[in-house]
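Undergrad: One structure, as structure tokens, below. Some questions next.
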There are 2 protein chains.
Amino acid sequence: MRATMIHAPGDIRFEQRPDPRITEPADAIVRTVATCVCGSDLWSYRGINPVGDPHPMGHEYVGVVEEAGRDVDTVRPGQLVIGSFIASDNTCPHCRYGFQTACMRREAMTTCQAEYIRIPQAGGTLVAVPGDPDPALLPSLLTLSDVMGTGWYAAVAAQVKPGGTVAVVGDGAVGLCGVLAAKELGADRIIAMSRHHDRQKLALDFGATDLVTERGDEGVARIMDLTHGVGADSVLECVGTAESSAQARRATRPGGSVGFVGLPHGVEIDGGDLFGSMVGLRGGPAPVRRFLPDLIDRVLSGRMAPGKVFDLTLPLSEVAEAYRAMDERRAIKVLLQP
Amino acid sequence: MRATMIHAPGDIRFEQRPDPRITEPADAIVRTVATCVCGSDLWSYRGINPVGDPHPMGHEYVGVVEEAGRDVDTVRPGQLVIGSFIASDNTCPHCRYGFQTACMRREAMTTCQAEYIRIPQAGGTLVAVPGDPDPALLPSLLTLSDVMGTGWYAAVAAQVKPGGTVAVVGDGAVGLCGVLAAKELGADRIIAMSRHHDRQKLALDFGATDLVTERGDEGVARIMDLTHGVGADSVLECVGTAESSAQARRATRPGGSVGFVGLPHGVEIDGGDLFGSMVGLRGGPAPVRRFLPDLIDRVLSGRMAPGKVFDLTLPLSEVAEAYRAMDERRAIKVLLQP
């Protein structure tokens with residue numbers, strides 16, 4: 001098969017690789033129907049994370065089961081399936097508690113920008129899409145593998161409730177999906193922090209009621225103005241810098257909650273400040289698997305169309321151009337078709 | 001009247017002071033029936049917090065309304081009342097959200113180890129105790145003013161649920177009340193971390209199912225053993241040091257929650273570690289006012305007797321000895337009667 005490899009920062013190649021095989025009875029092999037590039041893939045691409053030896057890339061996928069190991073009893077060959085960026089058995093205590101990203105048998109998915117993918121713990125990891133979905137829904141289904149599941153978790157962790165006031169820090173694909181999640185969870189007011197015209201437009205389309213272009217102290221002041229000095233009930237932190245993290249906490253009302261899904265870089269939280277704020281915090285890699293059945297329903301029923309975050313579609317063979325387009329901010333997110 | 005004043009570290013005096021008067025229409029004057037010494041009062045007593053000029057002490061009280069300002073319409077003279085250590089109007093947006101300690105008109109109570117107390121925002125602050133309660137219930141009612149309300153908030157912030165596994169870090173009066181709160185909220189298993197025999201005994205009496213005497217890494221390891229490698233669903237952090245804070249987070253399962261009510265001293269939380277742990281955090285000064293009506297019911301009905309945390313009762317005139325007894329750990333908590 002052919003698969004995406006990174007050889008060095010900026011050096012993405014689509015090249016011949018051995019076909020993946022079932023190595024454990026819980027494995028399955030999936031033929032990729034759609035995959036994509038994640039914002040976090042750019043860390044290696046930009047050399048922020050060291051690349052090391054050439055290695056495969058990609059952790060988001062929708063595909064068709066080609067072959068299933070003898071222990072896989074929840075999906076079968078021929079089914080269209082989605083899985084999270086973390087494989088999980090869905091039976092251990094952490095999975096049953098709804099935190100499949102802490103599964104005792106978890107494995108990170110790292111080879112998904114490819115024609116075929118080996119899925120560990122496939123019975124726990126994969127969720128079959130019922131029926132014969134309209135191909136037009138594939139982009140939306142693909143987002144459930146990571147960005148939409150992560151935006152959803154941010155909203156759940158921030159305890160978004162019907163009638164609530166929500167602020168979303170970060171206008172990348174995850175932040176935009178967070179806006180959509182807040183809308184679906186019944187928020188009355190959704191303040192999207194964005195300074196890019198195309199992303200503002202999508203935020204409004206996803207349900208944002210207010211746009212704030214300011215950042216830092218000014219951004220917090222704007223949210224305080226918009227909430228009559230109270231602060232937001234729930235803030236979704238979808239960036240991960242020290243500045244965005246502080247901004248999220250300061251924009252939250254006393255007793256409100258921050259859900260943080262941007263991987264923290266240099267974030268230190270002062271215990272005394274957090275105490276004084278009475279703000280609740282919960283973050284982490286999103287337990288996407290918990291949400292998959294519900295989110296698949298919401299996409300199939302037409303309630304939500306998160307696939308709009310893909311503003312460029314390319315053949316998988318042009319994956320190098322997909323990375324360039326995202327790196328140069330010519331695209332929010334690029335869908336790849338084998 | 002006579003009231004408690006601190007003149008310097010270790011120098012507590014019970015002395016003549018002007019009677020408090022109504023200065024605002026929302027004020028009331030309460031005749032103290034019972035008050036007490038708080039662990040946090042020892043910070044000044046021990047010179048950890050600077051004392052500065054001589055000033056009154058005390059923030060916990062049960063009393064009888066002597067006089068009410070013209071804007072006070074929820075309590076009337078003659079009623080037995082309890083209030084929190086923070087006065088609040090109970091009508092502003094933060095109060096209505098259940099976080100009265102962030103009230104837009106909040107005032108810290110600081111003069112309660114006295115024969116009479118001026119209560120600001122009395123209509124919002126005070127809750128009348130219905131009926132003519134048995135005097136034997138006064139110690140339990142007094143705890144609702146702070147320690148029991150704070151232990152309760154720790155359990156609520158840590159999302160204690162029926163059937164859950166809870167660990168309590170800290171065996172002071174607040175930690176012990178946290179054990180009782182976890183029991184009342186339906187926890188199945190309550191692990192109390194305590195190395196003092198008298199406190200262990202009270203923890204067991206309040207509903208602890210397991211005692212852990214180890215601290216730090218060993219304490220965490222013991223909790224992991226007791227929970228089959230999973231961690232506790234909810235951890236109540238009732239100390240506030242860097243060590244106890246880290247211990248609480250590390251003893252919590254992925255997706256579990258820490259409620260922290262020990263005022264943090266030197267606590268820094270690494271955003272990346274918190275992300276990886278998937279642990280939720282919420283702390284702060286307890287919005288005791290939110291819980292008062294429910295907790296008064298639980299005491300009057302005999303469901304819970306948090307007053308057992310008082311292991312010494314003295315006349316208010318012997319307040320200096322009360323501070324000494326707590327400073328020297330001869331008493332968990334001292335009740336004072338005018």
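Residues are named by chain letter and number: chains run A, B, ... in the order of the structure tokens, numbers start at 1 in each chain, and ligands are numbered from 1 in the order shown.
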Please, which residues of chain B lie no more than 9 Å from chain A when the count uses only C-alpha atoms, and can they be set out as a VMD selection string?
TA: chain B and resid 93 to 94 97 to 99 101 to 102 157 230 240 242 245 253 to 257 260 to 286
Undergrad: For the residues in the current selection, export N, CA and C atoms as a short mmCIF file (atom, residue, chain, number, x, y, z; two decimals), in the first residue's frame.
TA:
data_model
loop_
_atom_site.label_atom_id
_atom_site.label_comp_id
_atom_site.auth_asym_id
_atom_site.auth_seq_id
_atom_site.Cartn_x
_atom_site.Cartn_y
_atom_site.Cartn_z
N PRO B 93 -26.06 38.05 40.75
CA PRO B 93 -25.89 36.92 39.83
C PRO B 93 -25.00 35.81 40.38
N HIS B 94 -23.94 36.16 41.11
CA HIS B 94 -23.04 35.12 41.65
C HIS B 94 -23.75 34.32 42.74
N TYR B 97 -26.18 31.96 41.26
CA TYR B 97 -25.47 30.84 40.63
C TYR B 97 -24.95 29.86 41.69
N GLY B 98 -25.16 30.21 42.96
CA GLY B 98 -24.75 29.31 44.05
C GLY B 98 -23.35 29.56 44.57
N PHE B 99 -22.75 30.69 44.20
CA PHE B 99 -21.40 31.00 44.67
C PHE B 99 -21.41 32.31 45.45
N THR B 101 -19.90 33.15 48.01
CA THR B 101 -18.60 33.67 48.45
C THR B 101 -18.02 34.64 47.41
N ALA B 102 -18.63 34.71 46.23
CA ALA B 102 -18.23 35.70 45.22
C ALA B 102 -19.27 36.82 45.12
N ALA B 157 -17.77 19.73 45.20
CA ALA B 157 -16.80 20.12 44.16
C ALA B 157 -16.07 18.90 43.62
N VAL B 230 -6.86 1.78 40.25
CA VAL B 230 -7.71 2.72 39.50
C VAL B 230 -7.58 4.15 40.02
N GLY B 240 -3.99 22.14 51.71
CA GLY B 240 -3.59 23.34 50.99
C GLY B 240 -2.09 23.48 50.75
N ALA B 242 1.60 22.27 48.89
CA ALA B 242 1.98 21.74 47.59
C ALA B 242 1.94 20.21 47.62
N SER B 245 -1.70 18.85 47.82
CA SER B 245 -2.38 19.11 46.56
C SER B 245 -1.96 18.10 45.50
N ARG B 253 -8.61 9.05 40.03
CA ARG B 253 -8.64 8.28 38.77
C ARG B 253 -8.74 9.23 37.57
N PRO B 254 -8.34 8.78 36.39
CA PRO B 254 -8.56 9.60 35.19
C PRO B 254 -10.05 9.89 35.05
N GLY B 255 -10.38 11.14 34.89
CA GLY B 255 -11.79 11.52 34.81
C GLY B 255 -12.43 11.78 36.15
N GLY B 256 -11.71 11.49 37.24
CA GLY B 256 -12.23 11.80 38.57
C GLY B 256 -12.05 13.27 38.89
N SER B 257 -12.42 13.65 40.12
CA SER B 257 -12.44 15.07 40.48
C SER B 257 -11.84 15.32 41.85
N PHE B 260 -10.98 21.15 46.26
CA PHE B 260 -9.91 21.61 47.19
C PHE B 260 -10.38 22.83 47.96
N VAL B 261 -10.31 22.70 49.29
CA VAL B 261 -10.80 23.75 50.17
C VAL B 261 -9.73 24.23 51.16
N GLY B 262 -8.59 23.53 51.18
CA GLY B 262 -7.46 24.06 51.96
C GLY B 262 -6.89 25.24 51.19
N LEU B 263 -6.79 26.40 51.84
CA LEU B 263 -6.25 27.59 51.15
C LEU B 263 -4.85 27.27 50.65
N PRO B 264 -4.63 27.32 49.33
CA PRO B 264 -3.33 26.89 48.79
C PRO B 264 -2.18 27.79 49.24
N HIS B 265 -1.13 27.16 49.71
CA HIS B 265 0.11 27.85 50.06
C HIS B 265 1.21 27.25 49.18
N GLY B 266 1.68 28.01 48.20
CA GLY B 266 2.78 27.53 47.36
C GLY B 266 2.39 26.41 46.42
N VAL B 267 1.13 26.36 46.01
CA VAL B 267 0.69 25.30 45.10
C VAL B 267 0.77 25.81 43.66
N GLU B 268 1.55 25.12 42.83
CA GLU B 268 1.62 25.41 41.39
C GLU B 268 1.22 24.14 40.66
N ILE B 269 0.31 24.27 39.70
CA ILE B 269 -0.17 23.09 38.99
C ILE B 269 0.31 23.18 37.54
N ASP B 270 1.00 22.13 37.09
CA ASP B 270 1.48 22.11 35.72
C ASP B 270 0.32 21.74 34.78
N GLY B 271 0.07 22.62 33.82
CA GLY B 271 -1.05 22.42 32.90
C GLY B 271 -0.96 21.11 32.12
N GLY B 272 0.26 20.74 31.73
CA GLY B 272 0.43 19.50 30.98
C GLY B 272 0.12 18.28 31.83
N ASP B 273 0.56 18.30 33.08
CA ASP B 273 0.26 17.19 33.99
C ASP B 273 -1.25 17.07 34.22
N LEU B 274 -1.89 18.21 34.41
CA LEU B 274 -3.33 18.19 34.67
C LEU B 274 -4.09 17.67 33.44
N PHE B 275 -3.61 18.09 32.26
CA PHE B 275 -4.18 17.61 31.00
C PHE B 275 -4.07 16.08 30.92
N GLY B 276 -2.87 15.60 31.16
CA GLY B 276 -2.64 14.16 31.06
C GLY B 276 -3.45 13.36 32.06
N SER B 277 -3.71 13.94 33.21
CA SER B 277 -4.41 13.21 34.27
C SER B 277 -5.92 13.11 34.03
N MET B 278 -6.44 14.05 33.21
CA MET B 278 -7.90 14.13 32.97
C MET B 278 -8.69 14.36 34.27
N VAL B 279 -7.99 14.79 35.30
CA VAL B 279 -8.64 15.05 36.59
C VAL B 279 -9.28 16.44 36.57
N GLY B 280 -10.48 16.53 37.09
CA GLY B 280 -11.16 17.82 37.23
C GLY B 280 -10.82 18.44 38.58
N LEU B 281 -10.71 19.76 38.59
CA LEU B 281 -10.39 20.50 39.82
C LEU B 281 -11.43 21.57 40.05
N ARG B 282 -11.89 21.70 41.28
CA ARG B 282 -12.63 22.91 41.66
C ARG B 282 -12.40 23.17 43.14
N GLY B 283 -12.13 24.43 43.47
CA GLY B 283 -11.89 24.77 44.86
C GLY B 283 -12.42 26.13 45.18
N GLY B 284 -11.91 26.66 46.29
CA GLY B 284 -12.30 28.01 46.66
C GLY B 284 -12.93 28.08 48.03
N PRO B 285 -13.18 29.31 48.48
CA PRO B 285 -13.89 29.49 49.74
C PRO B 285 -15.32 28.96 49.56
N ALA B 286 -15.73 28.11 50.46
CA ALA B 286 -17.00 27.39 50.28
C ALA B 286 -18.21 28.34 50.30
#
Undergrad: Using backbone DSSP assignments, extract all strand (DSSP E or B) residues from range 16-151 of chain B; output them as a PyMOL selection string.
TA: chain B and resi 16+28-36+55-56+61-68+80-82+86-87+107-108+114+116-119+127-128
Undergrad: Per DSSP on the backbone, filter range 236-314 of chain B down to the residues in alpha helix (DSSP H) and report them as an mmCIF file with all heavy atoms, in the first residue's frame.
TA:
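Ended up saving to states_3.cif:
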data_model
loop_
_atom_site.group_PDB
_atom_site.id
_atom_site.type_symbol
_atom_site.label_atom_id
_atom_site.label_comp_id
_atom_site.auth_asym_id
_atom_site.auth_seq_id
_atom_site.Cartn_x
_atom_site.Cartn_y
_atom_site.Cartn_z
ATOM 1 N N ALA B 242 1.600 22.267 48.895
ATOM 2 C CA ALA B 242 1.983 21.735 47.587
ATOM 3 C C ALA B 242 1.939 20.207 47.617
ATOM 4 O O ALA B 242 1.473 19.566 46.667
ATOM 5 C CB ALA B 242 3.382 22.229 47.210
ATOM 6 N N GLU B 243 2.401 19.624 48.727
ATOM 7 C CA GLU B 243 2.449 18.164 48.819
ATOM 8 C C GLU B 243 1.035 17.555 48.851
ATOM 9 O O GLU B 243 0.741 16.599 48.141
ATOM 10 C CB GLU B 243 3.224 17.717 50.070
ATOM 11 C CG GLU B 243 3.461 16.210 50.098
ATOM 12 C CD GLU B 243 3.883 15.668 51.469
ATOM 13 O OE1 GLU B 243 3.585 16.323 52.496
ATOM 14 O OE2 GLU B 243 4.476 14.582 51.493
ATOM 15 N N SER B 244 0.172 18.130 49.683
ATOM 16 C CA SER B 244 -1.179 17.558 49.803
ATOM 17 C C SER B 244 -1.956 17.742 48.501
ATOM 18 O O SER B 244 -2.751 16.883 48.103
ATOM 19 C CB SER B 244 -1.935 18.211 50.966
ATOM 20 O OG SER B 244 -2.128 19.594 50.735
ATOM 21 N N SER B 245 -1.700 18.847 47.817
ATOM 22 C CA SER B 245 -2.385 19.113 46.564
ATOM 23 C C SER B 245 -1.961 18.102 45.495
ATOM 24 O O SER B 245 -2.805 17.521 44.788
ATOM 25 C CB SER B 245 -2.066 20.545 46.123
ATOM 26 O OG SER B 245 -2.508 20.782 44.819
ATOM 27 N N ALA B 246 -0.663 17.867 45.389
ATOM 28 C CA ALA B 246 -0.169 16.886 44.408
ATOM 29 C C ALA B 246 -0.675 15.490 44.760
ATOM 30 O O ALA B 246 -1.093 14.718 43.884
ATOM 31 C CB ALA B 246 1.360 16.909 44.384
ATOM 32 N N GLN B 247 -0.656 15.182 46.045
ATOM 33 C CA GLN B 247 -1.123 13.870 46.508
ATOM 34 C C GLN B 247 -2.587 13.657 46.123
ATOM 35 O O GLN B 247 -2.971 12.586 45.650
ATOM 36 C CB GLN B 247 -0.952 13.843 48.020
ATOM 37 C CG GLN B 247 -1.258 12.542 48.679
ATOM 38 C CD GLN B 247 -0.989 12.639 50.183
ATOM 39 O OE1 GLN B 247 0.058 13.158 50.608
ATOM 40 N NE2 GLN B 247 -1.916 12.162 50.976
ATOM 41 N N ALA B 248 -3.388 14.690 46.301
ATOM 42 C CA ALA B 248 -4.815 14.589 45.976
ATOM 43 C C ALA B 248 -5.002 14.316 44.490
ATOM 44 O O ALA B 248 -5.759 13.427 44.088
ATOM 45 C CB ALA B 248 -5.532 15.886 46.370
ATOM 46 N N ARG B 249 -4.300 15.070 43.645
ATOM 47 C CA ARG B 249 -4.466 14.868 42.206
ATOM 48 C C ARG B 249 -3.995 13.497 41.769
ATOM 49 O O ARG B 249 -4.632 12.845 40.948
ATOM 50 C CB ARG B 249 -3.733 15.979 41.432
ATOM 51 C CG ARG B 249 -4.553 17.268 41.360
ATOM 52 C CD ARG B 249 -3.797 18.418 40.715
ATOM 53 N NE ARG B 249 -2.988 19.120 41.694
ATOM 54 C CZ ARG B 249 -1.690 19.378 41.581
ATOM 55 N NH1 ARG B 249 -1.025 19.002 40.511
ATOM 56 N NH2 ARG B 249 -1.057 20.025 42.539
ATOM 57 N N ARG B 250 -2.898 13.044 42.354
ATOM 58 C CA ARG B 250 -2.335 11.757 41.927
ATOM 59 C C ARG B 250 -3.142 10.569 42.440
ATOM 60 O O ARG B 250 -3.031 9.469 41.902
ATOM 61 C CB ARG B 250 -0.874 11.657 42.371
ATOM 62 C CG ARG B 250 0.005 12.641 41.572
ATOM 63 C CD ARG B 250 1.415 12.663 42.118
ATOM 64 N NE ARG B 250 1.958 11.324 42.212
ATOM 65 C CZ ARG B 250 2.761 10.889 43.179
ATOM 66 N NH1 ARG B 250 3.114 11.705 44.151
ATOM 67 N NH2 ARG B 250 3.192 9.657 43.176
ATOM 68 N N GLY B 271 0.075 22.619 33.817
ATOM 69 C CA GLY B 271 -1.051 22.425 32.899
ATOM 70 C C GLY B 271 -0.960 21.113 32.125
ATOM 71 O O GLY B 271 -1.960 20.434 31.917
ATOM 72 N N GLY B 272 0.259 20.743 31.725
ATOM 73 C CA GLY B 272 0.432 19.501 30.976
ATOM 74 C C GLY B 272 0.119 18.277 31.828
ATOM 75 O O GLY B 272 -0.523 17.321 31.370
ATOM 76 N N ASP B 273 0.559 18.304 33.083
ATOM 77 C CA ASP B 273 0.259 17.186 33.992
ATOM 78 C C ASP B 273 -1.246 17.067 34.220
ATOM 79 O O ASP B 273 -1.806 15.962 34.236
ATOM 80 C CB ASP B 273 0.927 17.394 35.360
ATOM 81 C CG ASP B 273 2.433 17.227 35.293
ATOM 82 O OD1 ASP B 273 2.929 16.745 34.251
ATOM 83 O OD2 ASP B 273 3.103 17.580 36.279
ATOM 84 N N LEU B 274 -1.892 18.213 34.413
ATOM 85 C CA LEU B 274 -3.332 18.194 34.673
ATOM 86 C C LEU B 274 -4.085 17.672 33.442
ATOM 87 O O LEU B 274 -5.033 16.886 33.562
ATOM 88 C CB LEU B 274 -3.816 19.604 35.037
ATOM 89 C CG LEU B 274 -5.255 19.717 35.531
ATOM 90 C CD1 LEU B 274 -5.457 18.934 36.824
ATOM 91 C CD2 LEU B 274 -5.662 21.174 35.731
ATOM 92 N N PHE B 275 -3.614 18.086 32.262
ATOM 93 C CA PHE B 275 -4.184 17.610 30.998
ATOM 94 C C PHE B 275 -4.074 16.081 30.925
ATOM 95 O O PHE B 275 -5.061 15.376 30.708
ATOM 96 C CB PHE B 275 -3.423 18.269 29.849
ATOM 97 C CG PHE B 275 -3.918 17.943 28.467
ATOM 98 C CD1 PHE B 275 -4.872 18.749 27.852
ATOM 99 C CD2 PHE B 275 -3.408 16.866 27.755
ATOM 100 C CE1 PHE B 275 -5.312 18.474 26.557
ATOM 101 C CE2 PHE B 275 -3.831 16.583 26.471
ATOM 102 C CZ PHE B 275 -4.798 17.393 25.868
ATOM 103 N N GLY B 276 -2.865 15.598 31.158
ATOM 104 C CA GLY B 276 -2.643 14.160 31.056
ATOM 105 C C GLY B 276 -3.454 13.356 32.059
ATOM 106 O O GLY B 276 -3.855 12.223 31.777
ATOM 107 N N SER B 277 -3.710 13.941 33.212
ATOM 108 C CA SER B 277 -4.413 13.209 34.275
ATOM 109 C C SER B 277 -5.918 13.113 34.025
ATOM 110 O O SER B 277 -6.597 12.262 34.582
ATOM 111 C CB SER B 277 -4.197 13.904 35.624
ATOM 112 O OG SER B 277 -4.941 15.105 35.698
ATOM 113 N N VAL B 288 -20.962 28.492 51.562
ATOM 114 C CA VAL B 288 -21.711 27.844 52.647
ATOM 115 C C VAL B 288 -23.195 28.225 52.606
ATOM 116 O O VAL B 288 -24.071 27.399 52.864
ATOM 117 C CB VAL B 288 -21.089 28.263 54.002
ATOM 118 C CG1 VAL B 288 -21.986 27.878 55.165
ATOM 119 C CG2 VAL B 288 -19.709 27.637 54.161
ATOM 120 N N ARG B 289 -23.469 29.480 52.253
ATOM 121 C CA ARG B 289 -24.861 29.950 52.249
ATOM 122 C C ARG B 289 -25.759 29.054 51.394
ATOM 123 O O ARG B 289 -26.912 28.830 51.737
ATOM 124 C CB ARG B 289 -24.906 31.405 51.760
ATOM 125 C CG ARG B 289 -26.301 32.010 51.632
ATOM 126 C CD ARG B 289 -27.004 32.086 52.969
ATOM 127 N NE ARG B 289 -28.368 32.578 52.839
ATOM 128 C CZ ARG B 289 -29.407 31.828 52.472
ATOM 129 N NH1 ARG B 289 -29.233 30.557 52.181
ATOM 130 N NH2 ARG B 289 -30.609 32.352 52.414
ATOM 131 N N ARG B 290 -25.206 28.550 50.268
ATOM 132 C CA ARG B 290 -25.991 27.689 49.375
ATOM 133 C C ARG B 290 -26.497 26.445 50.103
ATOM 134 O O ARG B 290 -27.595 25.979 49.883
ATOM 135 C CB ARG B 290 -25.122 27.247 48.187
ATOM 136 C CG ARG B 290 -25.916 26.545 47.100
ATOM 137 C CD ARG B 290 -25.117 25.610 46.174
ATOM 138 N NE ARG B 290 -23.823 26.087 45.746
ATOM 139 C CZ ARG B 290 -22.969 25.338 45.040
ATOM 140 N NH1 ARG B 290 -23.299 24.093 44.682
ATOM 141 N NH2 ARG B 290 -21.783 25.810 44.705
ATOM 142 N N PHE B 291 -25.643 25.929 50.993
ATOM 143 C CA PHE B 291 -25.945 24.640 51.611
ATOM 144 C C PHE B 291 -26.693 24.759 52.932
ATOM 145 O O PHE B 291 -27.186 23.760 53.452
ATOM 146 C CB PHE B 291 -24.632 23.874 51.848
ATOM 147 C CG PHE B 291 -23.751 23.782 50.626
ATOM 148 C CD1 PHE B 291 -22.459 24.291 50.616
ATOM 149 C CD2 PHE B 291 -24.228 23.179 49.459
ATOM 150 C CE1 PHE B 291 -21.661 24.223 49.484
ATOM 151 C CE2 PHE B 291 -23.432 23.095 48.313
ATOM 152 C CZ PHE B 291 -22.144 23.625 48.339
ATOM 153 N N LEU B 292 -26.750 25.966 53.520
ATOM 154 C CA LEU B 292 -27.260 26.103 54.889
ATOM 155 C C LEU B 292 -28.658 25.503 55.105
ATOM 156 O O LEU B 292 -28.851 24.730 56.048
ATOM 157 C CB LEU B 292 -27.232 27.568 55.338
ATOM 158 C CG LEU B 292 -25.904 28.058 55.953
ATOM 159 C CD1 LEU B 292 -25.990 29.541 56.277
ATOM 160 C CD2 LEU B 292 -25.549 27.257 57.202
ATOM 161 N N PRO B 293 -29.652 25.830 54.265
ATOM 162 C CA PRO B 293 -30.983 25.275 54.564
ATOM 163 C C PRO B 293 -30.986 23.745 54.593
ATOM 164 O O PRO B 293 -31.539 23.130 55.516
ATOM 165 C CB PRO B 293 -31.851 25.822 53.419
ATOM 166 C CG PRO B 293 -31.144 27.088 52.992
ATOM 167 C CD PRO B 293 -29.682 26.778 53.140
ATOM 168 N N ASP B 294 -30.328 23.132 53.611
ATOM 169 C CA ASP B 294 -30.261 21.667 53.561
ATOM 170 C C ASP B 294 -29.513 21.115 54.771
ATOM 171 O O ASP B 294 -29.951 20.145 55.404
ATOM 172 C CB ASP B 294 -29.576 21.254 52.252
ATOM 173 C CG ASP B 294 -29.346 19.753 52.152
ATOM 174 O OD1 ASP B 294 -30.224 18.983 52.615
ATOM 175 O OD2 ASP B 294 -28.305 19.333 51.608
ATOM 176 N N LEU B 295 -28.389 21.724 55.104
ATOM 177 C CA LEU B 295 -27.576 21.191 56.206
ATOM 178 C C LEU B 295 -28.280 21.387 57.551
ATOM 179 O O LEU B 295 -28.180 20.529 58.438
ATOM 180 C CB LEU B 295 -26.182 21.827 56.202
ATOM 181 C CG LEU B 295 -25.329 21.522 54.949
ATOM 182 C CD1 LEU B 295 -23.936 22.117 55.104
ATOM 183 C CD2 LEU B 295 -25.244 20.018 54.694
ATOM 184 N N ILE B 296 -28.984 22.496 57.718
ATOM 185 C CA ILE B 296 -29.765 22.696 58.955
ATOM 186 C C ILE B 296 -30.796 21.569 59.090
ATOM 187 O O ILE B 296 -30.948 20.968 60.160
ATOM 188 C CB ILE B 296 -30.438 24.086 58.959
ATOM 189 C CG1 ILE B 296 -29.373 25.186 59.139
ATOM 190 C CG2 ILE B 296 -31.506 24.185 60.061
ATOM 191 C CD1 ILE B 296 -29.896 26.613 58.968
ATOM 192 N N ASP B 297 -31.479 21.252 57.979
ATOM 193 C CA ASP B 297 -32.440 20.133 57.999
ATOM 194 C C ASP B 297 -31.779 18.823 58.429
ATOM 195 O O ASP B 297 -32.339 18.064 59.213
ATOM 196 C CB ASP B 297 -33.024 19.897 56.592
ATOM 197 C CG ASP B 297 -34.163 20.862 56.279
ATOM 198 O OD1 ASP B 297 -34.561 21.630 57.176
ATOM 199 O OD2 ASP B 297 -34.623 20.851 55.117
ATOM 200 N N ARG B 298 -30.598 18.565 57.863
ATOM 201 C CA ARG B 298 -29.921 17.301 58.173
ATOM 202 C C ARG B 298 -29.518 17.223 59.647
ATOM 203 O O ARG B 298 -29.488 16.146 60.231
ATOM 204 C CB ARG B 298 -28.684 17.109 57.280
ATOM 205 C CG ARG B 298 -29.044 16.799 55.836
ATOM 206 C CD ARG B 298 -27.815 16.728 54.948
ATOM 207 N NE ARG B 298 -28.181 16.776 53.540
ATOM 208 C CZ ARG B 298 -28.238 15.699 52.735
ATOM 209 N NH1 ARG B 298 -27.906 14.506 53.173
ATOM 210 N NH2 ARG B 298 -28.607 15.834 51.479
ATOM 211 N N VAL B 299 -29.160 18.375 60.233
ATOM 212 C CA VAL B 299 -28.805 18.381 61.662
ATOM 213 C C VAL B 299 -30.062 18.241 62.522
ATOM 214 O O VAL B 299 -30.114 17.418 63.441
ATOM 215 C CB VAL B 299 -28.028 19.666 62.023
ATOM 216 C CG1 VAL B 299 -27.965 19.850 63.547
ATOM 217 C CG2 VAL B 299 -26.613 19.613 61.446
ATOM 218 N N LEU B 300 -31.100 19.021 62.199
ATOM 219 C CA LEU B 300 -32.317 18.988 63.036
ATOM 220 C C LEU B 300 -32.978 17.611 62.998
ATOM 221 O O LEU B 300 -33.546 17.156 63.985
ATOM 222 C CB LEU B 300 -33.317 20.061 62.569
ATOM 223 C CG LEU B 300 -32.876 21.518 62.758
ATOM 224 C CD1 LEU B 300 -33.997 22.464 62.334
ATOM 225 C CD2 LEU B 300 -32.450 21.809 64.200
#
Undergrad: Just the number, please: distance in Å from CA of Glu237 in chain A to CA of Ala173 in chain A, one decimal.
TA: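 Distance reported for this atom pair: 12.6 Å.
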Undergrad: Quick one: everything within 10 Å of Ala320 in chain A, counting only C-alpha atoms, minus sequence neighbours fewer than 3 positions away in the same chain. Send it as a compact mmCIF listing (two decimals) with N, CA and C atoms, in the first residue's frame.
TA:
# COMPACT_ATOMS: atom_id res chain seq x y z
N THR A 4 1.57 7.83 4.18
CA THR A 4 2.26 9.10 4.43
C THR A 4 3.39 8.89 5.44
N MET A 5 4.57 9.39 5.08
CA MET A 5 5.71 9.32 5.98
C MET A 5 6.28 10.73 6.12
N ILE A 6 6.77 11.04 7.34
CA ILE A 6 7.51 12.28 7.50
C ILE A 6 8.98 11.91 7.62
N GLY A 10 8.93 19.54 7.32
CA GLY A 10 8.60 20.02 5.98
C GLY A 10 8.69 18.96 4.90
N ASP A 11 9.13 17.76 5.26
CA ASP A 11 9.35 16.71 4.24
C ASP A 11 8.35 15.56 4.42
N ILE A 12 7.20 15.72 3.79
CA ILE A 12 6.13 14.72 3.85
C ILE A 12 6.11 13.97 2.52
N ARG A 13 6.13 12.63 2.58
CA ARG A 13 6.13 11.84 1.34
C ARG A 13 5.04 10.79 1.40
N PHE A 14 4.43 10.55 0.26
CA PHE A 14 3.43 9.48 0.13
C PHE A 14 4.14 8.35 -0.60
N LEU A 316 -5.34 11.59 -1.44
CA LEU A 316 -4.34 11.24 -0.41
C LEU A 316 -2.93 11.34 -0.98
N SER A 317 -2.79 11.04 -2.27
CA SER A 317 -1.45 11.10 -2.88
C SER A 317 -0.87 12.52 -2.83
N TYR A 323 -0.43 19.30 3.87
CA TYR A 323 0.35 19.86 5.00
C TYR A 323 0.75 21.31 4.70
N ARG A 324 1.20 21.56 3.46
CA ARG A 324 1.60 22.93 3.11
C ARG A 324 0.44 23.90 3.28
N ALA A 325 -0.73 23.48 2.79
CA ALA A 325 -1.90 24.39 2.83
C ALA A 325 -2.28 24.72 4.28
Undergrad: Report, in Å to a single decimal, how far apart CA of Gly178 in chain B and CA of Gln113 in chain B are.
TA: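 Computing the Euclidean distance for CA of Gln113 in chain B and CA of Gly178 in chain B yields 24.3 Å.
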